[in-house]
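> To start, I am sharing the structure in question, which I have written as structure tokens.
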Amino acid sequence: MLFSYNWLKEYIGNLPPPKELADRLTMSGTEVESVTATGTRIKGVVTAEILTVGKHPNADKLQLCEVRTDAEKYQIVCGARNMKAGDRVALALAGAELPNGIRIKISKIRGVESQGMMCSETELGLKETSEGIMILPPDTALGMDINVILGLSDFMMEAGVTPNRADLLSVKGLAREIAAVTGAEFRDKAFPIEETGGPIENYIAVKIVAEGVCRRYSARVIEGVTVGPSPDFIKRRVEAHGIRSINNIVDITNYVLLELGQPMHAFDLDRINGRVISVRHAKGGEKIKTLDDKTRTLDPSMLVIADSVEPVALAGVMGGLGTEVTDSTRTILLESAWFDPGIVRRASRKAGLSTDSSYRFERGVDIEGVTRSLDMAASLINEYAGGRTAKGIIDVYPDRLGIKPIEFRIKRSADLLGMTLCEKDITDIFGRLGIGLGASREGVLLATPPSYRMDLKNETDLIEELARIYGYEKTPTVPPVAELRPSNPAKYSVLKRKTKDILTRAGLLEVVNYSFVSREMHGISGPGDKNGIALLNPLTEEQSVMRVSLMPSLLENLRSNLSKKNDEVKIFEVAPVYIQRGDKLPAEDWKVSGLVYGARWAELWNCPKDWIDFYDVKGVVEKLLEGLEVAGVVEFGALTRNAMFHPGKSAHVSIDGNTAGILGEVHQDICAKFDIKRPAYLFELDMETVRLASGGFRQHRPLPKFPESARDIAFIVDENIQYQEIINSIKQLDAKFIETFKLFDVYCGGNIPVGKRSIALRITYRAPDRTMTGQEVDGIHSKVSSLLIRKFNAQIRGPS
């Protein structure tokens, strides 16, 4: 947001220099991003008064004048004839430099010395043509730099106004802020109006149909105006703030917008059907051609200003072309209103229009400043476009703003700020901010924010204002008094951190994907409701449904890597998925999922290429569960039909009988969809199930002091009996002496019956307190054989 330093000076007495002002505003929370010197620089031209005007002794067409500044008198030869004694003029002294490159020096003209030059507006670069020298107002001070008098040199300050400070989107608003921050005097302006026209009720009638989104609508009428170019000072200021000059009427409404922050619009009253203004919602399919010469289709979510026939403006955004002010306009209707920020924002985006007006309405304008802007605009129009202002003002304001006082506790402010301000300092700061104060009880003030400070809603906001104006840099550094205790980690934070650490050490890389997938990706793994949890406003169709599994995203990551010729991929993701359970809000379930693909080892000249298989992904899961210190019994069982996995090369994972996840080789049909040529392997575990089973203390025991004894056993069982079930059964025999199991052979075919398989185990036995005898070992080993025969109908091979 741009602000003119000279314009600010009209409201502030003793305004600090631009750089200092920028620093003080920045320290108070309004960052000034840049300060840039602007305007035409004229050197050596000062204001002077003509004392005498006489004829040149040697030239009939030249005048010889005596002029004075505040310090000296000068003799000037001049060819113009529009001046007289007593006039105040711009005097270029010897050494002066003008915009056209002319350097002034003392010279003789027709034998008479001229000690300078009285300047015209053309010579000062202010106009293309002029009829003589420029005559200044009679009360202009003498000896003043012409740049200062005419406001030719200025500084443009670019401030970063935060969205909650809509009150700073105007010269007056920033001036109020400067007065509060610096303590300088704030001088408000008055806008006198002579109402010489007829009663305003004879010109226009206004009604608000949509009262909920238009809380105030005010209007003035001025007839007999002359539309033409704007005065130079208005044109310069409007254009310096990035707004194109159009004509005096439109420029004045923009001038008021910049100075007071209140958007306005001027209608050609003679082109308003029925002389009626209605503030209403648009009708479905209604159209309006806006001032940018584009026809826009409206809908009932938009607010319009309409006459008796059609919309004449899109409220808060842009006026209609049919009622614009042109050179032929003679009677104008000035509009100033308060529109709901939300409805203006929606209309602006739907119409694809962002204007200076919509920018301010979207952030909120001062509802109590609506009529003041009308007075300022009418005053300037009367002065620079003529015309007669109708008597009275239309002000439809059905529900007046009521500002509820806020209780401000002095002790509470001291607790939050870490410093104590006396009541006198608090009263002074709040007074500078325009906050009204009243006594409530001991140590408590009743503070009423001004109508333009819509961001002040509670006690904390007021305390922040107190610190801001007092000065953040003055706030003492005080160590906290509160007792510091280590906080309990969040439910999954430790588990997630350990999971990521374990999988990273296992050679997997972490990926982060969006929580949304396409409907096609959802269909691959989406249980229950096949439609999933759909987004109301997805950015793309590829991100339209919330994930119910992380695995499709990992397959998409694999496809992306393969397309870039990276064919060795080991990745994992820890993230939530979203499951709809009944009519409640979707549940957020945390999962960990991993994918391995490609060669088992890096390609080496002395190492044969070996491809990842089912046991690699199973090993990753086992390593993860072991590292997370899962205390329960972990089992890998056959997976019932799952469209994502290859039947027979997949498994479900359970912990103490509770389903914890799945793993296996991706089904070939799924691989084909993702252009995956070789087998890929996935796993996914439920973090909550793992969390409930993990976290036990790691058991350590001393190194064994006594030797172990090993026995091998080979037996034939049905091939559908799971290895894990056999091991769990053996462990229950005598866990005190059975130390380890090692599977060293699995054999099918040959002399092994169909439907059977041979399994060979090496079981290690050890006693913690003595060397076991051969008889003891054989006794326990025979129990193992008996168990296998009894429970699994096993056939023992060879001596046991």
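Ordering of the structure tokens sets the chain letters (A, B, ...), residue numbers begin anew at 1 in every chain, and ligands are numbered from 1 in the order given.
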Give me the residues within 8 Å of Arg41 (chain A) as a list in words, counting only C-alpha atoms and dropping any in the same chain fewer than 5 places off.

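So, after excluding close chain neighbours, the residues are Pro99, Asn147, Leu152 and Ser153 of chain A.
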
> Store the residues of this selection in a file with C-alpha atoms, as a PDB file, in the first residue's frame.


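To be explicit, this is the file written out as again_9.pdb:
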ATOM      1  CA  PRO A  99      13.169  20.722 -15.560  1.00  0.00           C
ATOM      2  CA  ASN A 147       9.084  22.314  -4.493  1.00  0.00           C
ATOM      3  CA  LEU A 152       6.456  18.809  -6.285  1.00  0.00           C
ATOM      4  CA  SER A 153       8.899  16.773  -4.213  1.00  0.00           C
TER       5      SER A 153
END

> Extract, using only C-alpha atoms, all DNA, RNA and protein residues at most 10 Å from Val45 (chain A), discarding same-chain residues fewer than 4 positions from it, and format them as a ChimeraX atom specification.

/A:89-98,104,116-119,124,143-147

> Mind listing the strand (DSSP E) residues of region 56-99 of chain A, per DSSP on the backbone, as a list in words?

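Answer for region 56-99 of chain A, restricted to strand (DSSP E): His56, Ala59, Asp60, Lys61, Leu62, Gln63, Leu64, Cys65, Glu66, Val67, Arg68, Lys73, Tyr74, Gln75, Ile76, Val77, Cys78, Arg88, Val89, Ala90, Leu91, Ala92, Leu93, Ala94, Gly95, Ala96 and Glu97 of chain A.
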
> Next, write the just-selected residues to a file, as a PDB file, in the first residue's frame, keeping N, CA and C atoms as the atom set.


ATOM      1  N   HIS A  56      10.467  48.506 -19.951  1.00  0.00           N
ATOM      2  CA  HIS A  56      11.885  48.365 -20.229  1.00  0.00           C
ATOM      3  C   HIS A  56      12.333  49.592 -21.018  1.00  0.00           C
ATOM      4  N   ALA A  59      13.032  48.442 -24.805  1.00  0.00           N
ATOM      5  CA  ALA A  59      12.197  47.474 -25.536  1.00  0.00           C
ATOM      6  C   ALA A  59      10.748  47.645 -25.135  1.00  0.00           C
ATOM      7  N   ASP A  60       9.888  47.865 -26.135  1.00  0.00           N
ATOM      8  CA  ASP A  60       8.474  48.093 -25.852  1.00  0.00           C
ATOM      9  C   ASP A  60       7.764  46.836 -25.354  1.00  0.00           C
ATOM     10  N   LYS A  61       8.226  45.633 -25.757  1.00  0.00           N
ATOM     11  CA  LYS A  61       7.520  44.396 -25.403  1.00  0.00           C
ATOM     12  C   LYS A  61       8.042  43.739 -24.120  1.00  0.00           C
ATOM     13  N   LEU A  62       8.997  44.376 -23.464  1.00  0.00           N
ATOM     14  CA  LEU A  62       9.538  43.816 -22.224  1.00  0.00           C
ATOM     15  C   LEU A  62       9.157  44.683 -21.032  1.00  0.00           C
ATOM     16  N   GLN A  63       9.080  44.035 -19.860  1.00  0.00           N
ATOM     17  CA  GLN A  63       8.761  44.720 -18.610  1.00  0.00           C
ATOM     18  C   GLN A  63       9.981  44.653 -17.692  1.00  0.00           C
ATOM     19  N   LEU A  64      10.165  45.672 -16.875  1.00  0.00           N
ATOM     20  CA  LEU A  64      11.234  45.706 -15.890  1.00  0.00           C
ATOM     21  C   LEU A  64      10.582  45.705 -14.509  1.00  0.00           C
ATOM     22  N   CYS A  65      10.869  44.650 -13.763  1.00  0.00           N
ATOM     23  CA  CYS A  65      10.190  44.466 -12.476  1.00  0.00           C
ATOM     24  C   CYS A  65      11.207  44.443 -11.338  1.00  0.00           C
ATOM     25  N   GLU A  66      10.742  44.916 -10.194  1.00  0.00           N
ATOM     26  CA  GLU A  66      11.516  44.770  -8.965  1.00  0.00           C
ATOM     27  C   GLU A  66      10.754  43.774  -8.076  1.00  0.00           C
ATOM     28  N   VAL A  67      11.447  42.725  -7.660  1.00  0.00           N
ATOM     29  CA  VAL A  67      10.820  41.705  -6.830  1.00  0.00           C
ATOM     30  C   VAL A  67      11.660  41.474  -5.581  1.00  0.00           C
ATOM     31  N   ARG A  68      11.032  40.897  -4.594  1.00  0.00           N
ATOM     32  CA  ARG A  68      11.777  40.621  -3.354  1.00  0.00           C
ATOM     33  C   ARG A  68      11.404  39.233  -2.819  1.00  0.00           C
ATOM     34  N   LYS A  73      16.209  42.045  -2.589  1.00  0.00           N
ATOM     35  CA  LYS A  73      15.447  42.535  -3.741  1.00  0.00           C
ATOM     36  C   LYS A  73      16.246  42.244  -5.007  1.00  0.00           C
ATOM     37  N   TYR A  74      15.492  42.025  -6.134  1.00  0.00           N
ATOM     38  CA  TYR A  74      16.132  41.670  -7.397  1.00  0.00           C
ATOM     39  C   TYR A  74      15.468  42.433  -8.529  1.00  0.00           C
ATOM     40  N   GLN A  75      16.294  42.696  -9.583  1.00  0.00           N
ATOM     41  CA  GLN A  75      15.785  43.344 -10.805  1.00  0.00           C
ATOM     42  C   GLN A  75      15.616  42.250 -11.859  1.00  0.00           C
ATOM     43  N   ILE A  76      14.383  42.171 -12.414  1.00  0.00           N
ATOM     44  CA  ILE A  76      14.064  41.095 -13.341  1.00  0.00           C
ATOM     45  C   ILE A  76      13.465  41.690 -14.608  1.00  0.00           C
ATOM     46  N   VAL A  77      13.994  41.260 -15.762  1.00  0.00           N
ATOM     47  CA  VAL A  77      13.403  41.619 -17.052  1.00  0.00           C
ATOM     48  C   VAL A  77      12.463  40.495 -17.460  1.00  0.00           C
ATOM     49  N   CYS A  78      11.238  40.866 -17.856  1.00  0.00           N
ATOM     50  CA  CYS A  78      10.219  39.839 -18.131  1.00  0.00           C
ATOM     51  C   CYS A  78       9.398  40.231 -19.349  1.00  0.00           C
ATOM     52  N   ARG A  88       2.403  37.300  -6.011  1.00  0.00           N
ATOM     53  CA  ARG A  88       3.426  36.358  -5.546  1.00  0.00           C
ATOM     54  C   ARG A  88       3.762  35.428  -6.710  1.00  0.00           C
ATOM     55  N   VAL A  89       5.071  35.239  -6.963  1.00  0.00           N
ATOM     56  CA  VAL A  89       5.513  34.503  -8.140  1.00  0.00           C
ATOM     57  C   VAL A  89       6.621  33.518  -7.768  1.00  0.00           C
ATOM     58  N   ALA A  90       6.973  32.636  -8.743  1.00  0.00           N
ATOM     59  CA  ALA A  90       8.102  31.719  -8.582  1.00  0.00           C
ATOM     60  C   ALA A  90       9.314  32.355  -9.234  1.00  0.00           C
ATOM     61  N   LEU A  91      10.354  32.670  -8.450  1.00  0.00           N
ATOM     62  CA  LEU A  91      11.537  33.378  -8.930  1.00  0.00           C
ATOM     63  C   LEU A  91      12.721  32.422  -9.009  1.00  0.00           C
ATOM     64  N   ALA A  92      13.270  32.268 -10.228  1.00  0.00           N
ATOM     65  CA  ALA A  92      14.467  31.450 -10.425  1.00  0.00           C
ATOM     66  C   ALA A  92      15.669  32.362 -10.326  1.00  0.00           C
ATOM     67  N   LEU A  93      16.500  32.156  -9.306  1.00  0.00           N
ATOM     68  CA  LEU A  93      17.669  32.992  -9.090  1.00  0.00           C
ATOM     69  C   LEU A  93      18.865  32.436  -9.857  1.00  0.00           C
ATOM     70  N   ALA A  94      19.931  33.226  -9.881  1.00  0.00           N
ATOM     71  CA  ALA A  94      21.138  32.801 -10.589  1.00  0.00           C
ATOM     72  C   ALA A  94      21.607  31.458 -10.045  1.00  0.00           C
ATOM     73  N   GLY A  95      21.884  30.514 -10.957  1.00  0.00           N
ATOM     74  CA  GLY A  95      22.298  29.159 -10.577  1.00  0.00           C
ATOM     75  C   GLY A  95      21.151  28.163 -10.522  1.00  0.00           C
ATOM     76  N   ALA A  96      19.895  28.637 -10.674  1.00  0.00           N
ATOM     77  CA  ALA A  96      18.746  27.731 -10.626  1.00  0.00           C
ATOM     78  C   ALA A  96      18.745  26.779 -11.818  1.00  0.00           C
ATOM     79  N   GLU A  97      18.209  25.549 -11.605  1.00  0.00           N
ATOM     80  CA  GLU A  97      18.077  24.556 -12.678  1.00  0.00           C
ATOM     81  C   GLU A  97      16.604  24.205 -12.836  1.00  0.00           C
TER      82      GLU A  97
END

> Residues of region 196-286 of chain A within 10 Å of region 170-179 of chain A: nearest atom pair and distance (Å, one decimal) for each, counting only C-alpha atoms, sorted by chain and number, as JSON lines?


{"residue": "A:Val256", "atom": "CA", "partner": "A:Ser170", "partner_atom": "CA", "distance": 9.1}
{"residue": "A:Leu257", "atom": "CA", "partner": "A:Ser170", "partner_atom": "CA", "distance": 7.3}
{"residue": "A:Leu258", "atom": "CA", "partner": "A:Ser170", "partner_atom": "CA", "distance": 5.2}
{"residue": "A:Glu259", "atom": "CA", "partner": "A:Val171", "partner_atom": "CA", "distance": 4.7}
{"residue": "A:Leu260", "atom": "CA", "partner": "A:Ser170", "partner_atom": "CA", "distance": 5.4}
{"residue": "A:Gly261", "atom": "CA", "partner": "A:Ser170", "partner_atom": "CA", "distance": 4.5}
{"residue": "A:Gln262", "atom": "CA", "partner": "A:Ser170", "partner_atom": "CA", "distance": 8.3}

> Mind giving me the straight-line distance from CA of His700 (chain A) to CA of Gln724 (chain A) in Å, one decimal?

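Those two atoms sit 24.4 Å apart.
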
> With only C-alpha atoms as the counted atoms, please give the residues lying no more than 7 Å from Ala80 (chain A), apart from itself and same-chain residues fewer than 2 positions off, as a ChimeraX atom specification.

/A:78,82,132-133

> Would you mind exporting the chosen residues as a compact mmCIF listing (two decimals), in the first residue's frame, restricted to all heavy atoms?


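Full text of again_10.txt as output:
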# COMPACT_ATOMS: atom_id res chain seq x y z
N CYS A 78 11.24 40.87 -17.86
CA CYS A 78 10.22 39.84 -18.13
C CYS A 78 9.40 40.23 -19.35
O CYS A 78 9.09 41.41 -19.56
CB CYS A 78 9.30 39.70 -16.91
SG CYS A 78 8.01 38.47 -17.12
N ASN A 82 0.93 39.41 -17.58
CA ASN A 82 -0.23 39.04 -16.76
C ASN A 82 -0.02 39.29 -15.27
O ASN A 82 -0.84 38.89 -14.44
CB ASN A 82 -0.56 37.56 -16.95
CG ASN A 82 0.55 36.64 -16.43
OD1 ASN A 82 1.72 36.90 -16.66
ND2 ASN A 82 0.16 35.57 -15.73
N GLY A 132 1.57 33.24 -19.66
CA GLY A 132 2.27 34.17 -18.78
C GLY A 132 2.88 33.44 -17.60
O GLY A 132 2.86 32.21 -17.51
N ILE A 133 3.42 34.24 -16.67
CA ILE A 133 4.07 33.64 -15.52
C ILE A 133 3.02 33.09 -14.54
O ILE A 133 1.85 33.48 -14.58
CB ILE A 133 4.99 34.65 -14.79
CG1 ILE A 133 4.16 35.80 -14.21
CG2 ILE A 133 6.07 35.16 -15.72
CD1 ILE A 133 4.97 36.71 -13.32

> For a quick check of understanding, using only C-alpha atoms, which of A:Arg691, A:Arg271, A:Lys127, A:Lys404 has the smallest distance to Lys491 (chain A)?

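For Lys491 (chain A), the nearest of the candidates is A:Arg691.
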
> Please compute the CA of Glu33 (chain A)-CA of Pro17 (chain A) distance, one decimal, in Å.

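We find that CA of Glu33 (chain A) and CA of Pro17 (chain A) lie 15.8 Å from each other.
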
> Could you check the closest approach to Ser544 (chain A) for each of A:Trp7, A:Tyr514, A:Tyr681, A:Phe572 and tell me which residue wins, using only C-alpha atoms?

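Looking at the shortest contact to Ser544 (chain A), the residue is A:Tyr514.
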
> What does the distance from CA of Gly749 (chain A) to CA of Gly648 (chain A) come to in Å, to one decimal?

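So the two atoms, CA of Gly749 (chain A) and CA of Gly648 (chain A), lie 19.0 Å apart.
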
> Would you mind writing down, as a list in words, each residue of region 253-340 of chain A that DSSP on the backbone assigns to helix (DSSP H, G or I)?

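After running DSSP on the backbone, region 253-340 of chain A has helix (DSSP H, G or I) at Thr253, Asn254, Tyr255, Val256, Leu257, Leu258, Glu259, Leu260, Leu269, Asp270, Arg271, Asn273, Gly274, Arg275, Leu321, Gly322 and Thr323 of chain A.
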